[in-house]
file coords.cif (mmCIF, C-alpha atoms (C1' of nucleotides))
data_query
loop_
_atom_site.label_atom_id
_atom_site.label_comp_id
_atom_site.auth_asym_id
_atom_site.auth_seq_id
_atom_site.Cartn_x
_atom_site.Cartn_y
_atom_site.Cartn_z
CA MET A 29 -5.60 40.98 -21.52
CA ASP A 30 -9.22 41.56 -22.36
CA GLU A 31 -10.09 37.99 -21.43
CA VAL A 32 -8.36 38.51 -18.10
CA LEU A 33 -10.32 41.69 -17.49
CA SER A 34 -13.53 39.97 -18.52
CA ALA A 35 -12.98 37.16 -16.04
CA VAL A 36 -12.13 39.63 -13.29
CA MET A 37 -15.14 41.76 -14.13
CA GLU A 38 -17.38 38.74 -14.03
CA LEU A 39 -16.16 37.80 -10.56
CA PHE A 40 -16.41 41.27 -9.04
CA TRP A 41 -19.82 41.54 -10.62
CA ARG A 42 -21.03 38.34 -9.01
CA GLN A 43 -19.42 38.77 -5.61
CA GLY A 44 -18.66 42.40 -5.01
CA TYR A 45 -15.29 43.90 -4.14
CA GLU A 46 -14.74 42.87 -0.56
CA ALA A 47 -16.11 39.37 -0.94
CA THR A 48 -13.74 38.60 -3.80
CA SER A 49 -10.25 37.53 -2.75
CA VAL A 50 -7.13 37.85 -4.82
CA GLN A 51 -6.93 34.06 -4.81
CA ASP A 52 -10.38 33.90 -6.37
CA LEU A 53 -9.14 36.24 -9.06
CA CYS A 54 -6.10 34.06 -9.71
CA ALA A 55 -8.28 30.99 -10.05
CA ALA A 56 -10.64 32.78 -12.41
CA THR A 57 -7.93 34.20 -14.64
CA GLY A 58 -5.49 31.29 -14.47
CA LEU A 59 -2.75 33.74 -13.57
CA GLY A 60 -0.47 33.63 -10.56
CA LYS A 61 -0.51 36.34 -7.95
CA GLY A 62 2.78 37.74 -9.13
CA SER A 63 1.55 38.23 -12.68
CA LEU A 64 -1.65 39.84 -11.52
CA TYR A 65 0.18 42.26 -9.25
CA ALA A 66 2.84 42.98 -11.88
CA ALA A 67 0.15 43.85 -14.39
CA PHE A 68 -2.27 45.78 -12.18
CA GLY A 69 -0.48 46.86 -9.02
CA SER A 70 -3.16 46.14 -6.46
CA LYS A 71 -6.58 44.68 -5.97
CA GLN A 72 -8.04 48.18 -5.96
CA GLU A 73 -6.49 49.13 -9.28
CA LEU A 74 -7.54 45.83 -10.75
CA TYR A 75 -11.07 46.57 -9.69
CA GLY A 76 -10.84 49.95 -11.35
CA GLN A 77 -9.74 48.39 -14.63
CA ALA A 78 -12.50 45.80 -14.47
CA LEU A 79 -15.07 48.51 -13.78
CA ARG A 80 -13.77 50.53 -16.71
CA HIS A 81 -14.04 47.43 -18.86
CA TYR A 82 -17.62 46.87 -17.77
CA VAL A 83 -18.53 50.48 -18.45
CA LYS A 84 -17.03 50.34 -21.91
CA LEU A 85 -18.98 47.23 -22.80
CA THR A 86 -22.33 48.35 -21.42
CA THR A 87 -22.12 51.90 -22.68
CA HIS A 88 -21.36 50.63 -26.13
CA ASP A 89 -24.33 48.30 -25.90
CA LEU A 90 -26.66 51.01 -24.75
CA GLN A 91 -25.61 53.49 -27.40
CA ALA A 92 -26.16 50.87 -30.08
CA GLN A 93 -29.67 50.27 -28.80
CA LEU A 94 -30.45 53.98 -28.82
CA LEU A 95 -29.17 54.46 -32.35
CA ARG A 96 -31.50 51.89 -33.90
CA SER A 97 -34.00 53.47 -36.20
CA VAL A 98 -37.08 52.84 -34.13
CA PRO A 99 -39.17 55.40 -32.27
CA LEU A 100 -37.28 56.66 -29.24
CA ARG A 101 -39.91 55.62 -26.78
CA GLN A 102 -39.77 52.07 -28.05
CA ALA A 103 -35.99 52.04 -28.13
CA VAL A 104 -35.89 53.14 -24.51
CA ARG A 105 -38.56 50.64 -23.54
CA ASP A 106 -36.69 47.78 -25.21
CA LEU A 107 -33.50 48.90 -23.57
CA LEU A 108 -34.98 48.96 -20.09
CA LEU A 109 -36.75 45.63 -20.57
CA ASP A 110 -33.49 44.14 -21.83
CA ARG A 111 -31.74 45.18 -18.65
CA ILE A 112 -34.48 43.56 -16.60
CA GLU A 113 -34.34 40.41 -18.68
CA GLN A 114 -30.58 40.25 -18.17
CA SER A 115 -30.92 40.52 -14.42
CA LEU A 116 -33.68 37.95 -14.14
CA SER A 117 -32.05 35.38 -16.41
CA ALA A 118 -28.69 35.44 -14.65
CA PRO A 119 -29.50 34.91 -10.98
CA GLU A 120 -25.84 34.63 -10.04
CA ARG A 121 -25.07 38.01 -11.50
CA PRO A 122 -28.28 39.84 -10.97
CA GLY A 123 -27.26 43.42 -10.44
CA CYS A 124 -25.05 45.77 -12.30
CA LEU A 125 -21.38 46.17 -11.59
CA LEU A 126 -21.74 49.92 -11.92
CA VAL A 127 -24.50 50.11 -9.32
CA SER A 128 -22.64 47.94 -6.87
CA ALA A 129 -19.51 49.98 -7.48
CA VAL A 130 -21.46 53.11 -6.62
CA VAL A 131 -22.89 51.60 -3.49
CA GLU A 132 -19.92 49.62 -2.21
CA ARG A 133 -16.84 51.42 -3.47
CA VAL A 134 -17.50 55.04 -4.39
CA PRO A 135 -17.57 56.37 -0.82
CA HIS A 136 -14.18 54.77 -0.06
CA ASP A 137 -12.34 54.70 -3.38
CA GLN A 138 -11.66 57.88 -5.30
CA GLY A 139 -10.57 56.02 -8.41
CA ALA A 140 -13.78 54.06 -8.58
CA ALA A 141 -15.73 57.22 -7.80
CA ARG A 142 -14.21 58.93 -10.79
CA ILE A 143 -14.93 56.05 -13.13
CA ALA A 144 -18.49 55.71 -11.87
CA ARG A 145 -19.21 59.41 -12.15
CA ASP A 146 -17.89 59.50 -15.70
CA ALA A 147 -19.93 56.45 -16.59
CA ILE A 148 -23.14 57.97 -15.28
CA GLU A 149 -22.32 61.15 -17.17
CA ALA A 150 -21.78 59.17 -20.36
CA LEU A 151 -25.05 57.33 -19.86
CA LYS A 152 -26.87 60.59 -19.44
CA GLY A 153 -25.11 61.98 -22.50
CA ALA A 154 -26.24 59.06 -24.63
CA PHE A 155 -29.83 59.56 -23.56
CA ALA A 156 -29.56 63.30 -24.17
CA THR A 157 -28.28 62.78 -27.71
CA ALA A 158 -31.08 60.38 -28.50
CA LEU A 159 -33.67 62.73 -27.01
CA HIS A 160 -32.32 65.65 -29.01
CA THR A 161 -32.50 63.68 -32.21
CA ALA A 162 -36.04 62.59 -31.45
CA ARG A 163 -37.09 66.10 -30.63
CA ALA A 164 -35.57 67.47 -33.81
CA ALA A 165 -37.44 64.81 -35.74
CA GLY A 166 -40.69 65.94 -34.15
CA GLU A 167 -41.04 62.64 -32.41
CA ILE A 168 -41.41 64.14 -28.95
CA SER A 169 -42.72 67.51 -27.86
CA THR A 170 -40.57 70.58 -28.48
CA ASP A 171 -41.29 71.50 -24.86
CA ALA A 172 -39.34 68.49 -23.67
CA ASP A 173 -36.56 69.38 -21.25
CA VAL A 174 -33.91 67.10 -22.71
CA ASP A 175 -31.41 67.46 -19.92
CA SER A 176 -33.84 66.63 -17.13
CA LEU A 177 -35.31 63.75 -19.08
CA ALA A 178 -31.85 62.33 -19.73
CA GLY A 179 -30.99 62.47 -16.03
CA TYR A 180 -34.32 60.91 -15.23
CA LEU A 181 -33.82 58.00 -17.61
CA THR A 182 -30.34 57.44 -16.23
CA ALA A 183 -31.85 57.20 -12.77
CA MET A 184 -34.46 54.75 -14.05
CA VAL A 185 -31.77 52.42 -15.34
CA GLN A 186 -30.19 52.32 -11.86
CA ALA A 187 -33.59 51.90 -10.25
CA LEU A 188 -34.49 48.90 -12.34
CA ARG A 189 -31.18 47.24 -11.60
CA VAL A 190 -31.86 47.49 -7.89
CA MET A 191 -35.51 46.54 -8.17
CA SER A 192 -34.72 43.51 -10.33
CA ILE A 193 -32.80 42.02 -7.45
CA SER A 194 -35.34 42.57 -4.71
CA VAL A 195 -38.50 42.10 -6.76
CA PRO A 196 -37.63 39.56 -9.43
CA ASP A 197 -41.06 39.76 -11.04
CA GLU A 198 -41.11 40.61 -14.70
CA LYS A 199 -44.71 41.80 -14.67
CA GLN A 200 -44.22 44.33 -11.90
CA LEU A 201 -40.98 45.54 -13.42
CA THR A 202 -42.59 45.98 -16.82
CA ALA A 203 -45.38 48.01 -15.20
CA ILE A 204 -42.75 50.25 -13.67
CA VAL A 205 -41.08 50.73 -17.05
CA ASP A 206 -44.35 51.65 -18.72
CA THR A 207 -45.25 54.05 -15.96
CA ALA A 208 -41.82 55.61 -16.17
CA LEU A 209 -42.06 56.06 -19.93
CA SER A 210 -45.30 58.00 -19.72
CA VAL A 211 -43.14 60.95 -18.66
CA ILE A 212 -41.79 61.46 -22.16
CA PRO A 213 -44.03 64.09 -23.74
CA GLU A 214 -45.44 63.18 -27.13
CA MET B 4 -30.44 46.75 23.01
CA ASP B 5 -31.79 49.36 20.63
CA GLU B 6 -28.71 51.51 21.12
CA VAL B 7 -26.57 48.51 20.27
CA LEU B 8 -28.57 47.87 17.12
CA SER B 9 -28.39 51.53 16.21
CA ALA B 10 -24.62 51.56 16.50
CA VAL B 11 -24.34 48.37 14.47
CA MET B 12 -26.74 49.70 11.86
CA GLU B 13 -24.75 52.89 11.57
CA LEU B 14 -21.54 50.98 10.97
CA PHE B 15 -22.95 48.57 8.38
CA TRP B 16 -24.57 51.54 6.73
CA ARG B 17 -21.30 53.42 6.46
CA GLN B 18 -19.07 50.51 5.51
CA GLY B 19 -21.13 47.70 4.07
CA TYR B 20 -21.24 44.13 5.30
CA GLU B 21 -17.94 42.68 4.18
CA ALA B 22 -15.89 45.74 4.98
CA THR B 23 -17.12 45.79 8.57
CA SER B 24 -15.29 43.45 10.92
CA VAL B 25 -16.64 42.02 14.13
CA GLN B 26 -13.94 43.95 15.93
CA ASP B 27 -15.26 47.18 14.44
CA LEU B 28 -18.68 46.23 15.75
CA CYS B 29 -17.27 45.58 19.22
CA ALA B 30 -15.57 48.96 19.26
CA ALA B 31 -18.74 50.71 18.10
CA THR B 32 -21.01 49.01 20.61
CA GLY B 33 -18.60 48.82 23.52
CA LEU B 34 -19.39 45.13 23.87
CA GLY B 35 -16.98 42.22 23.85
CA LYS B 36 -17.08 39.62 21.14
CA GLY B 37 -18.59 37.04 23.42
CA SER B 38 -21.53 39.23 24.36
CA LEU B 39 -22.20 40.09 20.75
CA TYR B 40 -22.15 36.45 19.71
CA ALA B 41 -24.22 35.38 22.72
CA ALA B 42 -26.87 37.93 21.81
CA PHE B 43 -26.93 37.57 18.03
CA GLY B 44 -25.31 34.29 17.06
CA SER B 45 -23.26 35.41 14.10
CA LYS B 46 -22.23 38.40 12.08
CA GLN B 47 -24.83 37.49 9.48
CA GLU B 48 -27.69 37.39 11.96
CA LEU B 49 -26.49 40.61 13.51
CA TYR B 50 -26.61 42.20 10.10
CA GLY B 51 -30.15 40.92 9.66
CA GLN B 52 -31.25 42.50 12.93
CA ALA B 53 -29.58 45.78 12.06
CA LEU B 54 -31.25 45.79 8.67
CA ARG B 55 -34.61 45.12 10.27
CA HIS B 56 -33.96 47.97 12.66
CA TYR B 57 -33.16 50.29 9.78
CA VAL B 58 -36.25 49.26 7.88
CA LYS B 59 -38.45 49.84 10.90
CA LEU B 60 -37.08 53.34 11.41
CA THR B 61 -37.21 54.44 7.79
CA THR B 62 -40.58 52.91 7.00
CA HIS B 63 -42.07 54.65 10.00
CA ASP B 64 -40.54 57.91 8.82
CA LEU B 65 -41.85 57.54 5.32
CA GLN B 66 -45.36 56.64 6.39
CA ALA B 67 -45.48 59.67 8.63
CA GLN B 68 -44.48 61.88 5.74
CA LEU B 69 -47.15 60.42 3.51
CA LEU B 70 -49.89 60.85 6.11
CA ARG B 71 -49.39 64.60 6.48
CA SER B 72 -52.38 66.54 5.25
CA VAL B 73 -50.75 68.11 2.24
CA PRO B 74 -51.41 67.33 -1.42
CA LEU B 75 -50.00 63.94 -2.31
CA ARG B 76 -47.75 65.25 -5.02
CA GLN B 77 -46.16 67.67 -2.63
CA ALA B 78 -45.84 65.07 0.10
CA VAL B 79 -44.04 62.75 -2.31
CA ARG B 80 -41.85 65.57 -3.58
CA ASP B 81 -40.85 66.57 -0.05
CA LEU B 82 -40.17 62.98 0.80
CA LEU B 83 -37.90 62.40 -2.17
CA LEU B 84 -36.07 65.69 -1.65
CA ASP B 85 -35.61 64.79 2.02
CA ARG B 86 -33.93 61.55 1.05
CA ILE B 87 -31.60 63.44 -1.27
CA GLU B 88 -30.84 66.01 1.40
CA GLN B 89 -30.01 63.23 3.85
CA SER B 90 -27.59 61.61 1.44
CA LEU B 91 -25.85 64.84 0.51
CA SER B 92 -25.49 66.13 4.04
CA ALA B 93 -23.98 62.92 5.45
CA PRO B 94 -21.10 62.13 3.11
CA GLU B 95 -19.87 59.29 5.31
CA ARG B 96 -23.20 57.55 5.13
CA PRO B 97 -24.42 58.55 1.72
CA GLY B 98 -26.49 55.65 0.55
CA CYS B 99 -29.24 53.65 2.06
CA LEU B 100 -28.67 50.52 4.07
CA LEU B 101 -31.56 48.85 2.30
CA VAL B 102 -30.14 49.53 -1.15
CA SER B 103 -26.70 48.29 -0.19
CA ALA B 104 -28.28 45.24 1.41
CA VAL B 105 -30.06 44.51 -1.84
CA VAL B 106 -26.93 44.94 -3.89
CA GLU B 107 -24.36 43.36 -1.60
CA ARG B 108 -26.21 40.76 0.45
CA VAL B 109 -29.47 39.65 -1.14
CA PRO B 110 -27.89 37.37 -3.74
CA HIS B 111 -25.94 35.50 -1.04
CA ASP B 112 -28.03 35.76 2.10
CA GLN B 113 -31.56 34.42 2.18
CA GLY B 114 -32.34 36.08 5.49
CA ALA B 115 -31.37 39.50 4.20
CA ALA B 116 -33.24 38.78 0.98
CA ARG B 117 -36.42 38.12 2.90
CA ILE B 118 -36.10 41.28 4.99
CA ALA B 119 -35.31 43.39 1.94
CA ARG B 120 -38.18 41.98 -0.10
CA ASP B 121 -40.61 42.61 2.74
CA ALA B 122 -39.29 46.14 3.17
CA ILE B 123 -39.73 46.96 -0.51
CA GLU B 124 -43.22 45.51 -0.35
CA ALA B 125 -44.04 47.65 2.67
CA LEU B 126 -42.70 50.73 0.93
CA LYS B 127 -44.86 50.04 -2.07
CA GLY B 128 -47.85 49.42 0.20
CA ALA B 129 -47.40 52.77 1.90
CA PHE B 130 -47.34 54.55 -1.45
CA ALA B 131 -50.37 52.58 -2.62
CA THR B 132 -52.38 53.57 0.43
CA ALA B 133 -51.50 57.23 -0.02
CA LEU B 134 -52.35 57.09 -3.72
CA HIS B 135 -55.69 55.44 -3.02
CA THR B 136 -56.58 58.10 -0.51
CA ALA B 137 -55.61 60.84 -2.92
CA ARG B 138 -57.61 59.27 -5.71
CA ALA B 139 -60.68 58.90 -3.52
CA ALA B 140 -60.32 62.56 -2.57
CA GLY B 141 -60.31 63.49 -6.25
CA GLU B 142 -56.78 64.76 -5.93
CA ILE B 143 -55.43 62.62 -8.75
CA SER B 144 -57.15 61.19 -11.81
CA THR B 145 -59.55 58.29 -11.34
CA ASP B 146 -57.72 56.64 -14.24
CA ALA B 147 -54.58 56.38 -12.16
CA ASP B 148 -53.22 52.85 -11.92
CA VAL B 149 -52.41 52.90 -8.22
CA ASP B 150 -50.45 49.67 -8.15
CA SER B 151 -48.13 50.57 -10.99
CA LEU B 152 -47.62 54.06 -9.65
CA ALA B 153 -46.76 52.70 -6.22
CA GLY B 154 -44.17 50.34 -7.70
CA TYR B 155 -42.81 53.17 -9.78
CA LEU B 156 -42.40 55.51 -6.81
CA THR B 157 -40.71 52.74 -4.85
CA ALA B 158 -38.24 52.36 -7.70
CA MET B 159 -37.66 56.12 -7.72
CA VAL B 160 -36.68 56.09 -4.06
CA GLN B 161 -34.03 53.46 -4.80
CA ALA B 162 -32.90 55.34 -7.89
CA LEU B 163 -32.35 58.57 -6.01
CA ARG B 164 -30.36 56.81 -3.33
CA VAL B 165 -27.98 55.48 -5.95
CA MET B 166 -27.84 58.70 -7.94
CA SER B 167 -27.18 60.79 -4.83
CA ILE B 168 -23.92 58.95 -4.37
CA SER B 169 -22.60 59.19 -7.90
CA VAL B 170 -24.01 62.60 -8.80
CA PRO B 171 -24.04 64.59 -5.57
CA ASP B 172 -25.62 67.62 -7.20
CA GLU B 173 -28.82 68.85 -5.64
CA LYS B 174 -29.95 70.71 -8.73
CA GLN B 175 -29.72 67.72 -11.05
CA LEU B 176 -31.35 65.47 -8.49
CA THR B 177 -34.21 67.90 -7.97
CA ALA B 178 -34.76 68.03 -11.73
CA ILE B 179 -35.01 64.24 -11.73
CA VAL B 180 -37.57 64.34 -8.93
CA ASP B 181 -39.70 66.88 -10.74
CA THR B 182 -39.52 64.96 -13.98
CA ALA B 183 -40.45 61.80 -12.14
CA LEU B 184 -43.44 63.40 -10.48
CA SER B 185 -44.96 64.53 -13.74
CA VAL B 186 -46.08 60.91 -14.14
CA ILE B 187 -48.79 61.26 -11.52
CA PRO B 188 -51.95 62.12 -13.44
CA GLU B 189 -53.85 65.15 -12.20
"C1'" DG C 5 24.71 27.02 -27.28
"C1'" DC C 6 24.62 30.89 -24.49
"C1'" DC C 7 23.29 34.82 -22.74
"C1'" DG C 8 19.97 38.95 -21.14
"C1'" DT C 9 15.40 40.01 -20.58
"C1'" DT C 10 10.72 39.52 -19.55
"C1'" DG C 11 6.98 37.49 -17.40
"C1'" DT C 12 5.26 33.84 -14.38
"C1'" DG C 13 3.93 31.15 -10.28
"C1'" DG C 14 3.46 29.94 -5.80
"C1'" DA C 15 5.83 29.76 -1.25
"C1'" DC C 16 5.92 32.93 2.06
"C1'" DC C 17 5.06 37.28 5.00
"C1'" DG C 18 2.60 39.68 8.77
"C1'" DC C 19 -1.85 40.47 9.74
"C1'" DT C 20 -6.72 40.28 10.45
"C1'" DC C 21 -10.70 37.65 9.83
"C1'" DG C 22 -15.11 35.27 12.08
"C1'" DG C 23 -15.88 32.54 15.80
"C1'" DT C 24 -14.97 29.90 20.47
"C1'" DC C 25 -14.24 29.31 25.23
"C1'" DA C 26 -12.69 29.15 29.95
"C1'" DA C 27 -12.11 32.51 33.44
"C1'" DC C 28 -14.28 36.09 35.73
"C1'" DC C 29 -17.55 39.33 37.95
"C1'" DA C 30 -21.46 41.41 40.09
"C1'" DA C 31 -26.01 40.52 42.09
"C1'" DG C 32 -29.45 37.75 44.42
"C1'" DT C 33 -30.59 34.02 47.76
"C1'" DC C 34 -30.18 31.71 51.82
"C1'" DG D 20 -19.84 34.28 53.72
"C1'" DA D 21 -20.83 30.52 50.42
"C1'" DC D 22 -23.24 29.41 46.26
"C1'" DT D 23 -25.71 29.90 41.99
"C1'" DT D 24 -26.47 32.32 37.99
"C1'" DG D 25 -26.47 35.32 33.75
"C1'" DG D 26 -23.78 38.12 31.37
"C1'" DT D 27 -19.17 39.79 30.02
"C1'" DT D 28 -14.52 39.57 28.67
"C1'" DG D 29 -10.43 39.14 25.78
"C1'" DA D 30 -6.92 35.65 24.81
"C1'" DC D 31 -6.94 32.36 21.54
"C1'" DC D 32 -7.97 29.36 17.22
"C1'" DG D 33 -7.33 27.95 12.36
"C1'" DA D 34 -8.09 29.95 8.14
"C1'" DG D 35 -7.67 33.16 4.81
"C1'" DC D 36 -6.44 37.83 3.68
"C1'" DG D 37 -3.61 41.35 0.46
"C1'" DG D 38 0.83 41.80 -0.96
"C1'" DT D 39 6.04 40.54 -1.77
"C1'" DC D 40 9.73 38.19 -3.74
"C1'" DC D 41 12.70 35.14 -5.96
"C1'" DA D 42 13.71 30.89 -8.49
"C1'" DC D 43 12.67 29.65 -12.85
"C1'" DA D 44 10.69 29.06 -17.66
"C1'" DA D 45 10.28 31.03 -22.30
"C1'" DC D 46 12.37 33.25 -25.94
"C1'" DG D 47 14.75 36.43 -29.26
"C1'" DG D 48 19.55 38.08 -30.63
"C1'" DC D 49 23.99 36.72 -31.45
#
call {"tool": "encode", "arguments": {"input": "coords.cif", "output": "structure tokens"}}
result
Amino acid sequence: MDEVLSAVMELFWRQGYEATSVQDLCAATGLGKGSLYAAFGSKQELYGQALRHYVKLTTHDLQAQLLRSVPLRQAVRDLLLDRIEQSLSAPERPGCLLVSAVVERVPHDQGAARIARDAIEALKGAFATALHTARAAGEISTDADVDSLAGYLTAMVQALRVMSISVPDEKQLTAIVDTALSVIPE
Amino acid sequence: MDEVLSAVMELFWRQGYEATSVQDLCAATGLGKGSLYAAFGSKQELYGQALRHYVKLTTHDLQAQLLRSVPLRQAVRDLLLDRIEQSLSAPERPGCLLVSAVVERVPHDQGAARIARDAIEALKGAFATALHTARAAGEISTDADVDSLAGYLTAMVQALRVMSISVPDEKQLTAIVDTALSVIPE
DNA sequence: GCCGTTGTGGACCGCTCGGTCAACCAAGTC
DNA sequence: GACTTGGTTGACCGAGCGGTCCACAACGGC
């Protein structure tokens, strides 16, 4: 089941929703149409499940990176650079399924909209927790507005995903990350 | 010709590339299929022209906003808030054709990739010019790294376009803008 | 060995897709 | 009025779409 969802996720990630046909999905999963429809109901619902799967994986990843016992600023920097590295090293799958879901599906698919909104919320929450911890530890200024900073960092993650596609230049992207990080008050 | 491109742009903007059929485009432009194909060659090329049209309009808009004789920081703030306002007030057309082009088309369409890359470059250039002027006028610190800041602001524009779709909350978005702007050294 | 059940696969459905093409129409020239 | 010409049209094409359905394989209980 999880392997099926992983294969489906991979395909939607690479090709987007509309450009991926149900036949493609059958080929990728090794399942027949009937089985796919019996298990998931429709292409749309299948997409929803795949998106949920993606969110689960990436959120888990991100939280793990934020919980490492390194200074917050460095943890965030590593995290953002990792995302860039991922995009640049996998040219066939350069973006982020969540971002393309937001852009391509959210306006027309309430289910996807819900999942995406929750995912963004969770992302922001993870940043907020990490920022709180860092602030309590005296690592960043007590003036820091944790909520705004968390929203800001969430936006930066999306930004870098988009920029990595159109400007696949590690140097420029790294400069953006470092500029972005200078916001966090010491 | 420009009205045709505007109608086409509008439709691709609202629906994305794959979800828009040639028949939709005929209905929106009032032209028959033959005329459309005679004038543009293929759906892909038509998309390219529409994207170019969009870029021309929005780049012009943005440059005008940056050239107003107000402090740079405020000009940038107004500009970013305008983009948010646009997204929130037009729910059927919430994103940005350029962002969706980057996400949906760039990995599979070299023509679109070229147009998008050039557009991002132009965006960055416009910010760089404005930052240079502001620095020369003593409005921002002479230490400011204009190139990095320009890239950073370009990324922020993309970020807000994505965030406006998934978190359509003006207050949160404004907080992100203000956090983002605190990067610019006084 | 023989059922009932569950899950599978792929032929099949009506439909729409992107793209083509021959017929057609108005306008200009003589 | 006959002819050319540039642009327009929509019927038409093969292919592929999302989705359905039923014959059939796999398998545990008896």
call {"tool": "interface_residues", "arguments": {"input": "coords.cif", "of": "chain B", "to": "chain D", "cutoff": "8 Å", "atoms": "all atoms listed in the file", "output": "PyMOL selection string"}}
result
chain B and resi 35-38
call {"tool": "closest_residue", "arguments": {"input": "coords.cif", "among": "A:Ile112, A:Cys54, A:Ala47, A:Leu95", "to": "chain B", "atoms": "all atoms listed in the file"}}
result
A:Ala47
call {"tool": "interface_residues", "arguments": {"input": "coords.cif", "of": "chain B", "to": "chain A", "cutoff": "7 Å", "atoms": "all atoms listed in the file", "output": "ChimeraX atom specification"}}
result
/B:19,21-22,98,103,105-107,119-120,151-152,154-155,158-159,161-163,165-166,168-170,178-179,182-183,185-186
call {"tool": "write_last_selection", "arguments": {"input": "coords.cif", "atoms": "C-alpha atoms", "output": "PDB file, keeping the file's coordinate frame"}}
result
ATOM      1  CA  GLY B  19     -21.130  47.700   4.070  1.00  0.00           C
ATOM      2  CA  GLU B  21     -17.940  42.680   4.180  1.00  0.00           C
ATOM      3  CA  ALA B  22     -15.890  45.740   4.980  1.00  0.00           C
ATOM      4  CA  GLY B  98     -26.490  55.650   0.550  1.00  0.00           C
ATOM      5  CA  SER B 103     -26.700  48.290  -0.190  1.00  0.00           C
ATOM      6  CA  VAL B 105     -30.060  44.510  -1.840  1.00  0.00           C
ATOM      7  CA  VAL B 106     -26.930  44.940  -3.890  1.00  0.00           C
ATOM      8  CA  GLU B 107     -24.360  43.360  -1.600  1.00  0.00           C
ATOM      9  CA  ALA B 119     -35.310  43.390   1.940  1.00  0.00           C
ATOM     10  CA  ARG B 120     -38.180  41.980  -0.100  1.00  0.00           C
ATOM     11  CA  SER B 151     -48.130  50.570 -10.990  1.00  0.00           C
ATOM     12  CA  LEU B 152     -47.620  54.060  -9.650  1.00  0.00           C
ATOM     13  CA  GLY B 154     -44.170  50.340  -7.700  1.00  0.00           C
ATOM     14  CA  TYR B 155     -42.810  53.170  -9.780  1.00  0.00           C
ATOM     15  CA  ALA B 158     -38.240  52.360  -7.700  1.00  0.00           C
ATOM     16  CA  MET B 159     -37.660  56.120  -7.720  1.00  0.00           C
ATOM     17  CA  GLN B 161     -34.030  53.460  -4.800  1.00  0.00           C
ATOM     18  CA  ALA B 162     -32.900  55.340  -7.890  1.00  0.00           C
ATOM     19  CA  LEU B 163     -32.350  58.570  -6.010  1.00  0.00           C
ATOM     20  CA  VAL B 165     -27.980  55.480  -5.950  1.00  0.00           C
ATOM     21  CA  MET B 166     -27.840  58.700  -7.940  1.00  0.00           C
ATOM     22  CA  ILE B 168     -23.920  58.950  -4.370  1.00  0.00           C
ATOM     23  CA  SER B 169     -22.600  59.190  -7.900  1.00  0.00           C
ATOM     24  CA  VAL B 170     -24.010  62.600  -8.800  1.00  0.00           C
ATOM     25  CA  ALA B 178     -34.760  68.030 -11.730  1.00  0.00           C
ATOM     26  CA  ILE B 179     -35.010  64.240 -11.730  1.00  0.00           C
ATOM     27  CA  THR B 182     -39.520  64.960 -13.980  1.00  0.00           C
ATOM     28  CA  ALA B 183     -40.450  61.800 -12.140  1.00  0.00           C
ATOM     29  CA  SER B 185     -44.960  64.530 -13.740  1.00  0.00           C
ATOM     30  CA  VAL B 186     -46.080  60.910 -14.140  1.00  0.00           C
TER      31      VAL B 186
END
call {"tool": "atom_distance", "arguments": {"input": "coords.cif", "atom1": "CA of Gln68 (chain B)", "atom2": "CA of Ala133 (chain B)"}}
result
10.2 Å
call {"tool": "residues_around", "arguments": {"input": "coords.cif", "residues": "region 77-79 of chain A", "least_positions_apart": "5", "cutoff": "7 Å", "atoms": "only C-alpha atoms (C1' of nucleotides)", "output": "number ranges by chain"}}
result
A: 33, 36-37
call {"tool": "atom_distance", "arguments": {"input": "coords.cif", "atom1": "CA of Val104 (chain A)", "atom2": "CA of Ala118 (chain A)"}}
result
21.5 Å
call {"tool": "resolve_selection", "arguments": {"input": "coords.cif", "expression": "the PyMOL selection byres ((chain C) within 12 of (chain B))", "output": "number ranges by chain"}}
result
C: 20-26
call {"tool": "write_last_selection", "arguments": {"input": "coords.cif", "atoms": "C-alpha atoms (C1' of nucleotides)", "output": "PDB file, in the frame of the given file"}}
result
ATOM      1  C1'  DT C  20      -6.720  40.280  10.450  1.00  0.00           C
ATOM      2  C1'  DC C  21     -10.700  37.650   9.830  1.00  0.00           C
ATOM      3  C1'  DG C  22     -15.110  35.270  12.080  1.00  0.00           C
ATOM      4  C1'  DG C  23     -15.880  32.540  15.800  1.00  0.00           C
ATOM      5  C1'  DT C  24     -14.970  29.900  20.470  1.00  0.00           C
ATOM      6  C1'  DC C  25     -14.240  29.310  25.230  1.00  0.00           C
ATOM      7  C1'  DA C  26     -12.690  29.150  29.950  1.00  0.00           C
TER       8       DA C  26
END
call {"tool": "atom_distance", "arguments": {"input": "coords.cif", "atom1": "CA of Asp81 (chain B)", "atom2": "CA of Ser9 (chain B)"}}
result
25.4 Å
call {"tool": "residues_around", "arguments": {"input": "coords.cif", "residues": "Gly166 (chain A)", "least_positions_apart": "6", "cutoff": "12 Å", "atoms": "all atoms listed in the file", "output": "list in words"}}
result
Pro99, Leu100, Leu159, His160, Ala172, Pro213 and Glu214 of chain A
call {"tool": "residues_around", "arguments": {"input": "coords.cif", "residues": "Leu28 (chain B)", "least_positions_apart": "6", "cutoff": "9 Å", "atoms": "all atoms listed in the file", "output": "list in words"}}
result
Ala10, Val11, Leu14, Phe15, Leu34, Lys36 and Leu39 of chain B
